[in-house]
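Enquirer: Provided herewith: structure.cif, mmCIF, C-alpha atoms.
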data_protein
loop_
_atom_site.group_PDB
_atom_site.id
_atom_site.type_symbol
_atom_site.label_atom_id
_atom_site.label_comp_id
_atom_site.auth_asym_id
_atom_site.auth_seq_id
_atom_site.Cartn_x
_atom_site.Cartn_y
_atom_site.Cartn_z
ATOM 1 C CA MET A 1 -45.436 108.787 151.344
ATOM 2 C CA LYS A 2 -43.469 111.429 153.284
ATOM 3 C CA TYR A 3 -40.421 109.140 153.552
ATOM 4 C CA ILE A 4 -40.572 108.336 149.854
ATOM 5 C CA LEU A 5 -40.722 112.056 148.989
ATOM 6 C CA THR A 6 -37.757 112.804 151.289
ATOM 7 C CA LEU A 7 -35.709 109.991 149.748
ATOM 8 C CA PHE A 8 -36.571 111.283 146.256
ATOM 9 C CA LEU A 9 -35.452 114.826 147.131
ATOM 10 C CA LEU A 10 -32.169 113.612 148.625
ATOM 11 C CA SER A 11 -31.497 111.499 145.547
ATOM 12 C CA THR A 12 -32.242 114.497 143.324
ATOM 13 C CA VAL A 13 -29.854 116.735 145.264
ATOM 14 C CA SER A 14 -27.148 114.075 145.190
ATOM 15 C CA TRP A 15 -27.647 113.558 141.451
ATOM 16 C CA ALA A 16 -27.533 117.302 140.775
ATOM 17 C CA TYR A 17 -24.330 117.674 142.784
ATOM 18 C CA THR A 18 -22.578 114.888 140.936
ATOM 19 C CA GLN A 19 -23.642 116.521 137.701
ATOM 20 C CA THR A 20 -22.174 119.941 138.619
ATOM 21 C CA ALA A 21 -19.205 119.120 140.884
ATOM 22 C CA LEU A 22 -16.905 117.721 138.197
ATOM 23 C CA GLN A 23 -13.198 117.015 137.838
ATOM 24 C CA ILE A 24 -10.580 117.953 135.246
ATOM 25 C CA SER A 25 -7.332 116.030 134.966
ATOM 26 C CA GLY A 26 -4.559 115.721 132.424
ATOM 27 C CA TYR A 27 -0.885 115.180 131.630
ATOM 28 C CA ILE A 28 1.651 117.870 130.619
ATOM 29 C CA VAL A 29 4.938 117.017 128.876
ATOM 30 C CA ASN A 30 7.873 118.763 127.218
ATOM 31 C CA GLU A 31 9.055 118.318 123.628
ATOM 32 C CA ASP A 32 10.671 114.981 124.590
ATOM 33 C CA PHE A 33 7.342 113.807 126.056
ATOM 34 C CA GLU A 34 8.720 113.876 129.597
ATOM 35 C CA GLY A 35 6.367 114.940 132.394
ATOM 36 C CA LEU A 36 6.807 118.561 133.501
ATOM 37 C CA ASP A 37 6.762 119.300 137.223
ATOM 38 C CA LEU A 38 5.169 122.410 138.811
ATOM 39 C CA CYS A 39 3.307 123.683 135.755
ATOM 40 C CA SER A 40 0.593 126.160 136.764
ATOM 41 C CA VAL A 41 -2.841 125.093 135.497
ATOM 42 C CA ILE A 42 -5.473 127.839 135.662
ATOM 43 C CA ILE A 43 -9.151 127.652 134.715
ATOM 44 C CA PHE A 44 -11.071 130.730 133.495
ATOM 45 C CA THR A 45 -14.683 131.077 132.428
ATOM 46 C CA LYS A 46 -15.198 131.532 128.696
ATOM 47 C CA LEU A 47 -17.871 134.210 129.179
ATOM 48 C CA ASP A 48 -15.845 136.860 131.033
ATOM 49 C CA SER A 49 -12.401 135.262 131.639
ATOM 50 C CA SER A 50 -12.932 135.314 135.404
ATOM 51 C CA PHE A 51 -10.743 133.064 137.572
ATOM 52 C CA VAL A 52 -12.301 129.749 138.659
ATOM 53 C CA LYS A 53 -9.621 127.447 140.080
ATOM 54 C CA SER A 54 -5.945 126.644 139.774
ATOM 55 C CA GLY A 55 -3.482 123.871 140.511
ATOM 56 C CA PHE A 56 -0.086 122.566 139.414
ATOM 57 C CA THR A 57 1.381 119.334 138.124
ATOM 58 C CA ASP A 58 3.164 116.725 140.206
ATOM 59 C CA GLN A 59 6.615 115.289 139.525
ATOM 60 C CA ASN A 60 5.179 113.099 136.748
ATOM 61 C CA GLY A 61 3.455 115.991 134.971
ATOM 62 C CA LYS A 62 -0.054 115.011 136.063
ATOM 63 C CA PHE A 63 -2.639 117.427 137.439
ATOM 64 C CA GLN A 64 -6.115 117.117 138.865
ATOM 65 C CA ILE A 65 -8.597 119.896 139.656
ATOM 66 C CA ALA A 66 -11.784 118.829 141.431
ATOM 67 C CA ASN A 67 -15.151 120.409 142.270
ATOM 68 C CA VAL A 68 -15.602 122.414 139.067
ATOM 69 C CA GLU A 69 -19.135 123.190 137.939
ATOM 70 C CA ALA A 70 -20.303 122.301 134.448
ATOM 71 C CA GLY A 71 -19.843 125.029 131.841
ATOM 72 C CA ASP A 72 -17.567 126.537 129.179
ATOM 73 C CA TYR A 73 -13.993 127.283 130.262
ATOM 74 C CA PHE A 74 -10.529 128.116 129.048
ATOM 75 C CA ILE A 75 -7.679 126.132 130.573
ATOM 76 C CA GLN A 76 -4.288 127.868 130.639
ATOM 77 C CA VAL A 77 -0.941 126.203 131.350
ATOM 78 C CA LYS A 78 2.162 128.172 132.338
ATOM 79 C CA GLN A 79 5.731 127.095 133.004
ATOM 80 C CA PHE A 80 8.840 129.265 133.089
ATOM 81 C CA GLY A 81 10.931 128.716 129.956
ATOM 82 C CA TYR A 82 7.991 127.454 127.901
ATOM 83 C CA LEU A 83 5.307 129.111 125.812
ATOM 84 C CA ASP A 84 1.902 129.492 127.465
ATOM 85 C CA TYR A 85 -0.765 127.006 126.372
ATOM 86 C CA SER A 86 -4.502 127.744 126.232
ATOM 87 C CA LYS A 87 -7.408 125.514 125.267
ATOM 88 C CA HIS A 88 -11.211 125.786 125.326
ATOM 89 C CA ILE A 89 -13.056 123.004 127.135
ATOM 90 C CA GLU A 90 -16.785 122.399 127.450
ATOM 91 C CA LEU A 91 -17.277 120.682 130.776
ATOM 92 C CA LYS A 92 -20.353 118.458 130.883
ATOM 93 C CA GLY A 93 -18.844 115.642 132.904
ATOM 94 C CA THR A 94 -15.589 114.576 134.499
ATOM 95 C CA ILE A 95 -12.970 114.696 131.731
ATOM 96 C CA VAL A 96 -9.356 113.747 131.112
ATOM 97 C CA ILE A 97 -7.666 116.215 128.763
ATOM 98 C CA ASP A 98 -5.440 114.860 126.004
ATOM 99 C CA THR A 99 -1.707 115.064 126.647
ATOM 100 C CA ILE A 100 -0.580 118.713 126.530
ATOM 101 C CA LYS A 101 2.870 119.348 125.048
ATOM 102 C CA LEU A 102 4.572 122.644 125.900
ATOM 103 C CA ASN A 103 7.065 124.170 123.487
ATOM 104 C CA VAL A 104 10.282 125.849 124.617
ATOM 105 C CA ASN A 105 10.217 129.640 124.422
ATOM 106 C CA ALA A 106 12.483 130.454 121.459
ATOM 107 C CA ASN A 107 13.029 133.993 122.775
ATOM 108 C CA LEU A 108 15.130 132.711 125.667
ATOM 109 C CA LEU A 109 18.853 133.380 125.343
ATOM 110 C CA ASN A 110 20.766 130.202 124.587
ATOM 111 C CA GLN A 111 24.211 131.731 124.015
ATOM 112 C CA VAL A 112 24.963 132.039 127.739
ATOM 113 C CA THR A 113 26.273 129.012 129.613
ATOM 114 C CA VAL A 114 25.474 128.895 133.340
ATOM 115 C CA LYS A 115 27.473 126.302 135.238
ATOM 116 C CA SER A 116 25.655 126.535 138.579
ATOM 117 C CA THR A 117 22.565 128.395 139.723
ATOM 118 C CA VAL A 118 19.844 128.284 142.329
ATOM 119 C CA PRO A 119 16.542 127.128 140.768
ATOM 120 C CA PHE A 120 13.525 129.420 141.031
ATOM 121 C CA ILE A 121 11.227 126.579 142.165
ATOM 122 C CA VAL A 122 12.219 123.549 144.258
ATOM 123 C CA ARG A 123 9.739 120.883 145.325
ATOM 124 C CA LYS A 124 10.396 119.239 148.700
ATOM 125 C CA ILE A 125 8.476 116.518 150.548
ATOM 126 C CA ASP A 126 6.127 118.874 152.404
ATOM 127 C CA ARG A 127 6.536 122.223 150.622
ATOM 128 C CA VAL A 128 7.451 124.163 147.497
ATOM 129 C CA VAL A 129 10.331 126.646 147.908
ATOM 130 C CA ILE A 130 10.549 129.799 145.772
ATOM 131 C CA THR A 131 13.849 131.728 145.471
ATOM 132 C CA PRO A 132 13.083 135.219 144.047
ATOM 133 C CA ASP A 133 16.739 136.038 143.224
ATOM 134 C CA ALA A 134 16.845 133.090 140.796
ATOM 135 C CA LEU A 135 14.408 134.761 138.384
ATOM 136 C CA ILE A 136 15.559 137.994 136.730
ATOM 137 C CA ALA A 137 11.920 139.032 136.189
ATOM 138 C CA ASN A 138 11.669 139.585 139.960
ATOM 139 C CA ALA A 139 14.227 142.418 139.886
ATOM 140 C CA GLY A 140 12.530 145.585 141.132
ATOM 141 C CA SER A 141 9.364 143.660 142.028
ATOM 142 C CA ASN A 142 7.697 143.398 145.402
ATOM 143 C CA THR A 143 6.816 140.283 147.391
ATOM 144 C CA LEU A 144 3.169 140.276 146.341
ATOM 145 C CA GLU A 145 4.190 140.198 142.673
ATOM 146 C CA VAL A 146 6.586 137.311 143.384
ATOM 147 C CA LEU A 147 3.735 135.350 144.972
ATOM 148 C CA GLU A 148 1.633 135.871 141.835
ATOM 149 C CA ARG A 149 4.348 134.044 139.841
ATOM 150 C CA ALA A 150 4.464 131.113 142.280
ATOM 151 C CA PRO A 151 2.759 127.841 141.216
ATOM 152 C CA GLY A 152 -0.715 127.380 142.645
ATOM 153 C CA VAL A 153 -0.766 130.877 144.187
ATOM 154 C CA SER A 154 -2.987 133.687 142.919
ATOM 155 C CA VAL A 155 -3.953 137.128 144.201
ATOM 156 C CA ASP A 156 -7.460 138.440 143.570
ATOM 157 C CA GLN A 157 -8.478 142.040 142.863
ATOM 158 C CA ASN A 158 -8.770 142.764 146.604
ATOM 159 C CA GLY A 159 -5.216 141.604 147.321
ATOM 160 C CA THR A 160 -6.359 138.365 148.988
ATOM 161 C CA ILE A 161 -3.857 135.513 148.611
ATOM 162 C CA LEU A 162 -5.357 132.270 147.299
ATOM 163 C CA LEU A 163 -3.677 128.866 147.280
ATOM 164 C CA LYS A 164 -5.168 126.615 144.600
ATOM 165 C CA GLY A 165 -8.179 128.948 144.522
ATOM 166 C CA ARG A 166 -8.822 128.697 148.282
ATOM 167 C CA SER A 167 -8.739 131.639 150.675
ATOM 168 C CA GLY A 168 -7.704 131.461 154.327
ATOM 169 C CA VAL A 169 -3.954 131.261 153.674
ATOM 170 C CA VAL A 170 -1.871 132.207 156.738
ATOM 171 C CA VAL A 171 1.355 134.177 156.164
ATOM 172 C CA PHE A 172 4.428 133.664 158.342
ATOM 173 C CA ILE A 173 7.503 135.927 158.428
ATOM 174 C CA ASN A 174 10.707 134.072 159.383
ATOM 175 C CA ASP A 175 8.614 131.232 160.890
ATOM 176 C CA LYS A 176 6.621 133.692 163.045
ATOM 177 C CA ARG A 177 2.956 134.170 162.301
ATOM 178 C CA SER A 178 1.973 137.546 160.877
ATOM 179 C CA TYR A 179 -1.333 138.736 162.285
ATOM 180 C CA LEU A 180 -1.791 141.238 159.480
ATOM 181 C CA SER A 181 -4.757 140.560 157.227
ATOM 182 C CA GLY A 182 -6.663 142.134 154.376
ATOM 183 C CA THR A 183 -5.433 145.531 153.239
ATOM 184 C CA GLU A 184 -2.721 145.709 155.927
ATOM 185 C CA LEU A 185 -1.098 142.488 154.728
ATOM 186 C CA GLU A 186 -1.427 143.543 151.082
ATOM 187 C CA ASN A 187 0.268 146.905 151.757
ATOM 188 C CA TYR A 188 3.070 145.252 153.722
ATOM 189 C CA LEU A 189 3.833 142.733 150.966
ATOM 190 C CA ARG A 190 3.716 145.477 148.315
ATOM 191 C CA THR A 191 6.335 147.501 150.195
ATOM 192 C CA LEU A 192 8.592 144.488 150.823
ATOM 193 C CA PRO A 193 11.085 144.327 147.903
ATOM 194 C CA ALA A 194 11.762 140.967 146.279
ATOM 195 C CA GLY A 195 15.491 141.581 146.786
ATOM 196 C CA ALA A 196 15.015 141.451 150.566
ATOM 197 C CA ILE A 197 13.554 137.914 150.408
ATOM 198 C CA LYS A 198 15.764 134.857 150.884
ATOM 199 C CA ASN A 199 13.041 132.389 149.889
ATOM 200 C CA ILE A 200 9.303 131.702 150.171
ATOM 201 C CA GLU A 201 7.962 128.367 151.418
ATOM 202 C CA ILE A 202 4.511 127.306 150.222
ATOM 203 C CA MET A 203 2.945 124.532 152.331
ATOM 204 C CA GLU A 204 -0.439 123.196 151.299
ATOM 205 C CA ASN A 205 -0.303 120.605 154.102
ATOM 206 C CA PRO A 206 1.966 122.199 156.743
ATOM 207 C CA PRO A 207 3.896 120.012 159.225
ATOM 208 C CA ALA A 208 2.983 119.762 162.913
ATOM 209 C CA LYS A 209 5.404 122.589 163.713
ATOM 210 C CA TYR A 210 2.817 125.085 162.422
ATOM 211 C CA GLU A 211 -0.136 123.334 164.104
ATOM 212 C CA ALA A 212 -3.467 124.061 162.384
ATOM 213 C CA ALA A 213 -2.656 127.661 161.492
ATOM 214 C CA GLY A 214 -4.261 127.806 158.052
ATOM 215 C CA ASN A 215 -7.164 125.853 156.603
ATOM 216 C CA ALA A 216 -5.949 126.524 153.049
ATOM 217 C CA GLY A 217 -2.206 126.334 153.679
ATOM 218 C CA ILE A 218 0.731 128.379 154.925
ATOM 219 C CA ILE A 219 3.160 130.714 153.168
ATOM 220 C CA ASN A 220 6.380 131.350 155.099
ATOM 221 C CA ILE A 221 8.474 134.328 153.892
ATOM 222 C CA ASN A 222 12.121 134.203 154.962
ATOM 223 C CA ILE A 223 13.787 137.628 154.955
ATOM 224 C CA LYS A 224 17.533 137.888 154.396
ATOM 225 C CA ARG A 225 19.790 138.402 157.396
ATOM 226 C CA GLY A 226 23.414 139.405 157.220
ATOM 227 C CA ALA A 227 26.271 137.359 158.750
ATOM 228 C CA MET A 228 28.833 140.178 158.948
ATOM 229 C CA LYS A 229 30.119 141.657 162.216
ATOM 230 C CA GLY A 230 29.857 145.279 163.346
ATOM 231 C CA PHE A 231 27.498 147.974 162.086
ATOM 232 C CA TYR A 232 26.562 147.898 158.413
ATOM 233 C CA GLY A 233 23.600 148.378 156.120
ATOM 234 C CA ASN A 234 22.369 148.638 152.584
ATOM 235 C CA THR A 235 19.702 150.442 150.662
ATOM 236 C CA SER A 236 17.693 149.617 147.546
ATOM 237 C CA VAL A 237 15.859 152.090 145.336
ATOM 238 C CA SER A 238 13.737 151.037 142.352
ATOM 239 C CA TYR A 239 11.428 152.921 139.993
ATOM 240 C CA ARG A 240 8.989 151.256 137.609
ATOM 241 C CA ARG A 241 7.475 153.095 134.665
ATOM 242 C CA SER A 242 4.200 151.819 133.220
ATOM 243 C CA ARG A 243 0.680 153.135 132.831
ATOM 244 C CA TYR A 244 0.892 154.161 136.477
ATOM 245 C CA ASN A 245 4.423 154.555 137.786
ATOM 246 C CA GLY A 246 5.556 152.872 140.977
ATOM 247 C CA SER A 247 8.527 152.658 143.299
ATOM 248 C CA ASN A 248 9.768 150.210 145.961
ATOM 249 C CA ASN A 249 12.525 151.352 148.321
ATOM 250 C CA SER A 250 14.191 149.791 151.337
ATOM 251 C CA LEU A 251 16.815 150.539 154.006
ATOM 252 C CA ASN A 252 18.403 147.705 156.009
ATOM 253 C CA LEU A 253 20.553 148.412 159.094
ATOM 254 C CA ASN A 254 22.367 145.694 161.056
ATOM 255 C CA TYR A 255 24.541 145.559 164.166
ATOM 256 C CA SER A 256 26.214 142.326 165.175
ATOM 257 C CA LYS A 257 28.789 141.707 167.910
ATOM 258 C CA LYS A 258 29.503 138.355 169.557
ATOM 259 C CA LYS A 259 26.119 136.952 170.606
ATOM 260 C CA ILE A 260 24.209 140.190 170.106
ATOM 261 C CA SER A 261 22.527 140.872 166.777
ATOM 262 C CA VAL A 262 20.114 143.722 166.074
ATOM 263 C CA TYR A 263 18.644 144.527 162.695
ATOM 264 C CA THR A 264 15.909 146.718 161.303
ATOM 265 C CA ASN A 265 14.279 146.870 157.885
ATOM 266 C CA LEU A 266 12.472 149.966 156.597
ATOM 267 C CA TYR A 267 10.338 149.787 153.471
ATOM 268 C CA GLY A 268 8.404 152.421 151.557
ATOM 269 C CA GLY A 269 7.099 153.190 148.120
ATOM 270 C CA PHE A 270 4.088 154.116 146.041
ATOM 271 C CA TRP A 271 2.002 152.403 143.387
ATOM 272 C CA GLU A 272 -1.388 152.581 141.658
ATOM 273 C CA ASN A 273 -3.646 149.961 140.109
ATOM 274 C CA PHE A 274 -6.230 150.184 137.357
ATOM 275 C CA GLN A 275 -9.030 148.069 135.963
ATOM 276 C CA ASP A 276 -10.659 148.314 132.536
ATOM 277 C CA LEU A 277 -14.019 146.669 131.953
ATOM 278 C CA ASN A 278 -15.701 146.778 128.515
ATOM 279 C CA ILE A 279 -19.070 145.110 127.908
ATOM 280 C CA ASN A 280 -20.768 144.903 124.499
ATOM 281 C CA ARG A 281 -24.236 143.379 124.402
ATOM 282 C CA LEU A 282 -26.374 142.680 121.324
ATOM 283 C CA SER A 283 -29.903 141.420 121.760
ATOM 284 C CA CYS A 284 -32.601 140.520 119.262
ATOM 285 C CA PRO A 285 -35.538 138.060 119.231
ATOM 286 C CA GLU A 286 -33.476 135.166 117.851
ATOM 287 C CA ILE A 287 -29.954 135.819 119.119
ATOM 288 C CA ALA A 288 -28.318 137.230 122.224
ATOM 289 C CA ILE A 289 -24.575 137.763 122.432
ATOM 290 C CA GLN A 290 -22.617 139.225 125.330
ATOM 291 C CA LEU A 291 -18.891 139.933 125.119
ATOM 292 C CA ASN A 292 -16.995 140.877 128.266
ATOM 293 C CA TYR A 293 -13.391 142.020 128.486
ATOM 294 C CA SER A 294 -11.581 142.677 131.731
ATOM 295 C CA CYS A 295 -8.037 143.848 132.322
ATOM 296 C CA ASN A 296 -6.362 144.307 135.695
ATOM 297 C CA GLY A 297 -3.091 146.044 136.413
#
Please re-express this file's structure in structure tokens.
Expert:
Amino acid sequence: MKYILTLFLLSTVSWAYTQTALQISGYIVNEDFEGLDLCSVIIFTKLDSSFVKSGFTDQNGKFQIANVEAGDYFIQVKQFGYLDYSKHIELKGTIVIDTIKLNVNANLLNQVTVKSTVPFIVRKIDRVVITPDALIANAGSNTLEVLERAPGVSVDQNGTILLKGRSGVVVFINDKRSYLSGTELENYLRTLPAGAIKNIEIMENPPAKYEAAGNAGIININIKRGAMKGFYGNTSVSYRRSRYNGSNNSLNLNYSKKKISVYTNLYGGFWENFQDLNINRLSCPEIAIQLNYSCNG
């Protein structure tokens, strides 16, 4: 009888898990019904719009997000140059969403002809490479804000970097591991201007060169280095005006002669964040409604 009861409990747990750990997949295309690569797919709860999980499409425009509990959600799709797409889904079992077509953002300038440019996002065999200078929206931003615009990367309210919703991401600077963590890492990335970054490499499955450094992936930030000879430098000053004003400033000094090269980078600035949370609750014997609204900045 004891063995039968144990087997019943295990079967119940397994059944409950398969009922709650579900999967969402789909296909995202452009106006010509061609698959769109590197579209950010983000899932929020319907109740309070809190972040659940994220992912991005492959080269064929397909995405798959696993281990999502049953419930009501909003799915949001973002891709630079296209209008954002949002849809409500009620997840009761593993589902395949109908083909999602993104429309081109009509507010983009189409009078300017660019003959050659570096793309903002490039997918390689083992990594995704982000070039901040390729996106004008990154002007005056800091590195943490650039990471928030990267596909599959999100930053929570505590400044923790998540890759596809998973914590434990290890940050490298010029292929050298940074042992900063928590608030120290957040402050460093906030003071590092986007203009000082050559590119950012996002590796969900890093090559053997990085060993087993991160259980959720690795982000390698390559800082610009000058190739000129002699003593030279540059400075950058930026001021951002919003609800709370902010500033990111940097001073770069370099000395290079023959085989000797010395450089130093100084960063400083100030910023403030805010969070608004409004909750309206109405209760009566036959109906109960709760509306939550959250805004971070």
Enquirer: So what do you get for atom CA of Asn105 of chain A versus atom CA of Lys53 of chain A, distance-wise?
Expert: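 Computed distance, atom CA of Asn105 of chain A to atom CA of Lys53 of chain A, equals 25.4 Å.
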Enquirer: Would you kindly return, as a list in words, each protein, DNA or RNA residue with an atom no farther than 7 Å from any atom of segment 133-149 of chain A, considering all atoms listed in the file and excluding same-chain residues fewer than 2 positions away?
Expert: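 My reading of the contact set: Val118, Pro119, Phe120, Thr131, Pro151, Val153, Ser154, Val155, Leu189, Arg190, Thr191, Leu192, Pro193, Ala194, Gly195 and Ser238 of chain A.
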Enquirer: Translate the PyMOL selection byres ((chain A and resi 265) around 9), as applied to the file shown, into an explicit residue set as a list in words.
Expert: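 Evaluating the PyMOL selection byres ((chain A and resi 265) around 9) on these coordinates yields Ser250, Leu251, Asn252, Leu253, Asn254, Tyr263, Thr264, Leu266 and Tyr267 of chain A.
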Enquirer: Hey, can you check how far atom CA of Gly217 of chain A sits from atom CA of Gly55 of chain A?
Expert: 13.5 Å
Enquirer: Quick one: distance from atom CA of Asn248 of chain A to atom CA of Glu204 of chain A in Å, one decimal?
Expert: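 Computing it gives 29.4 Å between the two atoms.
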Enquirer: Taking all atoms of segment 78-95 of chain A that the file lists and extending 6 Å past them on each side, where is the centre of the axis-aligned box and how long are its edges? Answer in Å to one decimal, as lines of an AutoDock Vina configuration file.
Expert:
center_x = -4.7
center_y = 122.0
center_z = 129.9
size_x = 43.3
size_y = 26.9
size_z = 21.2
Enquirer: List the residues selected by the PyMOL selection byres ((chain A and resi 29) around 10) in the file shown, writing them as a PyMOL selection string.
Expert: chain A and resi 27-28+30-37+39+60-62+99-103
Enquirer: Once the PyMOL selection byres ((chain A and resi 178) around 12) is applied to the coordinates I shared, what remains selected? I want it as a list in words.
Expert: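 Taken on the displayed file, the PyMOL selection byres ((chain A and resi 178) around 12) yields the residues Val169, Val170, Val171, Phe172, Ile173, Asn174, Asp175, Lys176, Arg177, Tyr179, Leu180, Ser181, Gly182, Glu184, Leu185, Glu186, Tyr188, Leu189, Ala213, Gly214, Ile218, Ile219, Asn220 and Ile221 of chain A.
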Enquirer: Taking (-18.4, 122.2, 137.1) in the file's coordinates as the center, which residues reach within 12 Å of it, counting all atoms listed in the file, put as a count of residues only?
Expert: 30
Enquirer: From the options A:Val41, A:Ile125, A:Leu47, A:Ala216, which residue's atoms come nearest to Arg166 of chain A, counting all atoms listed in the file?
Expert: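 Result for the nearest residue to Arg166 of chain A: A:Ala216.
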Enquirer: Excluding same-chain residues fewer than 6 positions from Asp156 of chain A, what lies within 10 Å of it counting all atoms listed in the file, as a list of chain:residue names?
Expert: A:Phe51, A:Glu148, A:Leu162, A:Gly165, A:Ser167, A:Asn296
Enquirer: Can you write out the residues you just picked, keeping C-alpha atoms, as a CSV table (one decimal), keeping the file's coordinate frame?
Expert:
chain,number,residue,atom,x,y,z
A,51,PHE,CA,-10.7,133.1,137.6
A,148,GLU,CA,1.6,135.9,141.8
A,162,LEU,CA,-5.4,132.3,147.3
A,165,GLY,CA,-8.2,128.9,144.5
A,167,SER,CA,-8.7,131.6,150.7
A,296,ASN,CA,-6.4,144.3,135.7
Enquirer: Which is closest to Asn199 of chain A among A:Gly230, A:Val128, A:Tyr244, A:Asn249, if we use all atoms listed in the file?
Expert: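 Selected residue with least distance to Asn199 of chain A: A:Val128.
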Enquirer: With all atoms listed in the file as the atoms that count, which of A:Ser256, A:Asn245, A:Asn187, A:Ser86 lies nearest to Gly159 of chain A?
Expert: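 Of all the options, A:Asn187 lies closest to Gly159 of chain A.
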Enquirer: I'd like to know which of A:Asp126, A:Asn107, A:Lys257, A:Gly268 is closest to Pro207 of chain A, using all atoms listed in the file.
Expert: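 Among A:Asp126, A:Asn107, A:Lys257, A:Gly268, it is A:Asp126 that comes nearest to Pro207 of chain A.
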Enquirer: Nearest residue to Ser40 of chain A out of A:Gln76, A:Asn222, A:Thr183, A:Asn278, using all atoms listed in the file?
Expert: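 So, comparing all the options, the nearest one is A:Gln76.
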Enquirer: Have segment 149-163 of chain A completed to N, CA and C atoms, please, and pass it along as an mmCIF file, in the frame of the given file.
Expert:
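out-v3.cif was written with the following content:
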data_model
loop_
_atom_site.group_PDB
_atom_site.id
_atom_site.type_symbol
_atom_site.label_atom_id
_atom_site.label_comp_id
_atom_site.auth_asym_id
_atom_site.auth_seq_id
_atom_site.Cartn_x
_atom_site.Cartn_y
_atom_site.Cartn_z
ATOM 1 N N ARG A 149 3.629 134.898 140.789
ATOM 2 C CA ARG A 149 4.348 134.044 139.841
ATOM 3 C C ARG A 149 4.578 132.640 140.398
ATOM 4 N N ALA A 150 4.243 132.418 141.652
ATOM 5 C CA ALA A 150 4.464 131.113 142.280
ATOM 6 C C ALA A 150 3.400 130.121 141.826
ATOM 7 N N PRO A 151 3.736 128.845 141.672
ATOM 8 C CA PRO A 151 2.759 127.841 141.216
ATOM 9 C C PRO A 151 1.656 127.617 142.247
ATOM 10 N N GLY A 152 0.422 127.640 141.774
ATOM 11 C CA GLY A 152 -0.715 127.380 142.645
ATOM 12 C C GLY A 152 -1.174 128.572 143.452
ATOM 13 N N VAL A 153 -0.428 129.688 143.407
ATOM 14 C CA VAL A 153 -0.766 130.877 144.187
ATOM 15 C C VAL A 153 -1.344 131.945 143.256
ATOM 16 N N SER A 154 -2.401 132.581 143.674
ATOM 17 C CA SER A 154 -2.987 133.687 142.919
ATOM 18 C C SER A 154 -3.422 134.765 143.893
ATOM 19 N N VAL A 155 -3.528 135.982 143.393
ATOM 20 C CA VAL A 155 -3.953 137.128 144.201
ATOM 21 C C VAL A 155 -5.145 137.766 143.503
ATOM 22 N N ASP A 156 -6.273 137.877 144.206
ATOM 23 C CA ASP A 156 -7.460 138.440 143.570
ATOM 24 C C ASP A 156 -7.397 139.963 143.549
ATOM 25 N N GLN A 157 -8.459 140.591 143.033
ATOM 26 C CA GLN A 157 -8.478 142.040 142.863
ATOM 27 C C GLN A 157 -8.413 142.786 144.189
ATOM 28 N N ASN A 158 -8.800 142.129 145.282
ATOM 29 C CA ASN A 158 -8.770 142.764 146.604
ATOM 30 C C ASN A 158 -7.463 142.524 147.346
ATOM 31 N N GLY A 159 -6.497 141.861 146.679
ATOM 32 C CA GLY A 159 -5.216 141.604 147.321
ATOM 33 C C GLY A 159 -5.212 140.372 148.207
ATOM 34 N N THR A 160 -6.287 139.583 148.183
ATOM 35 C CA THR A 160 -6.359 138.365 148.988
ATOM 36 C C THR A 160 -5.543 137.260 148.339
ATOM 37 N N ILE A 161 -4.707 136.593 149.123
ATOM 38 C CA ILE A 161 -3.857 135.513 148.611
ATOM 39 C C ILE A 161 -4.649 134.214 148.604
ATOM 40 N N LEU A 162 -4.653 133.539 147.453
ATOM 41 C CA LEU A 162 -5.357 132.270 147.299
ATOM 42 C C LEU A 162 -4.349 131.179 146.973
ATOM 43 N N LEU A 163 -4.518 130.023 147.571
ATOM 44 C CA LEU A 163 -3.677 128.866 147.280
ATOM 45 C C LEU A 163 -4.557 127.791 146.659
#
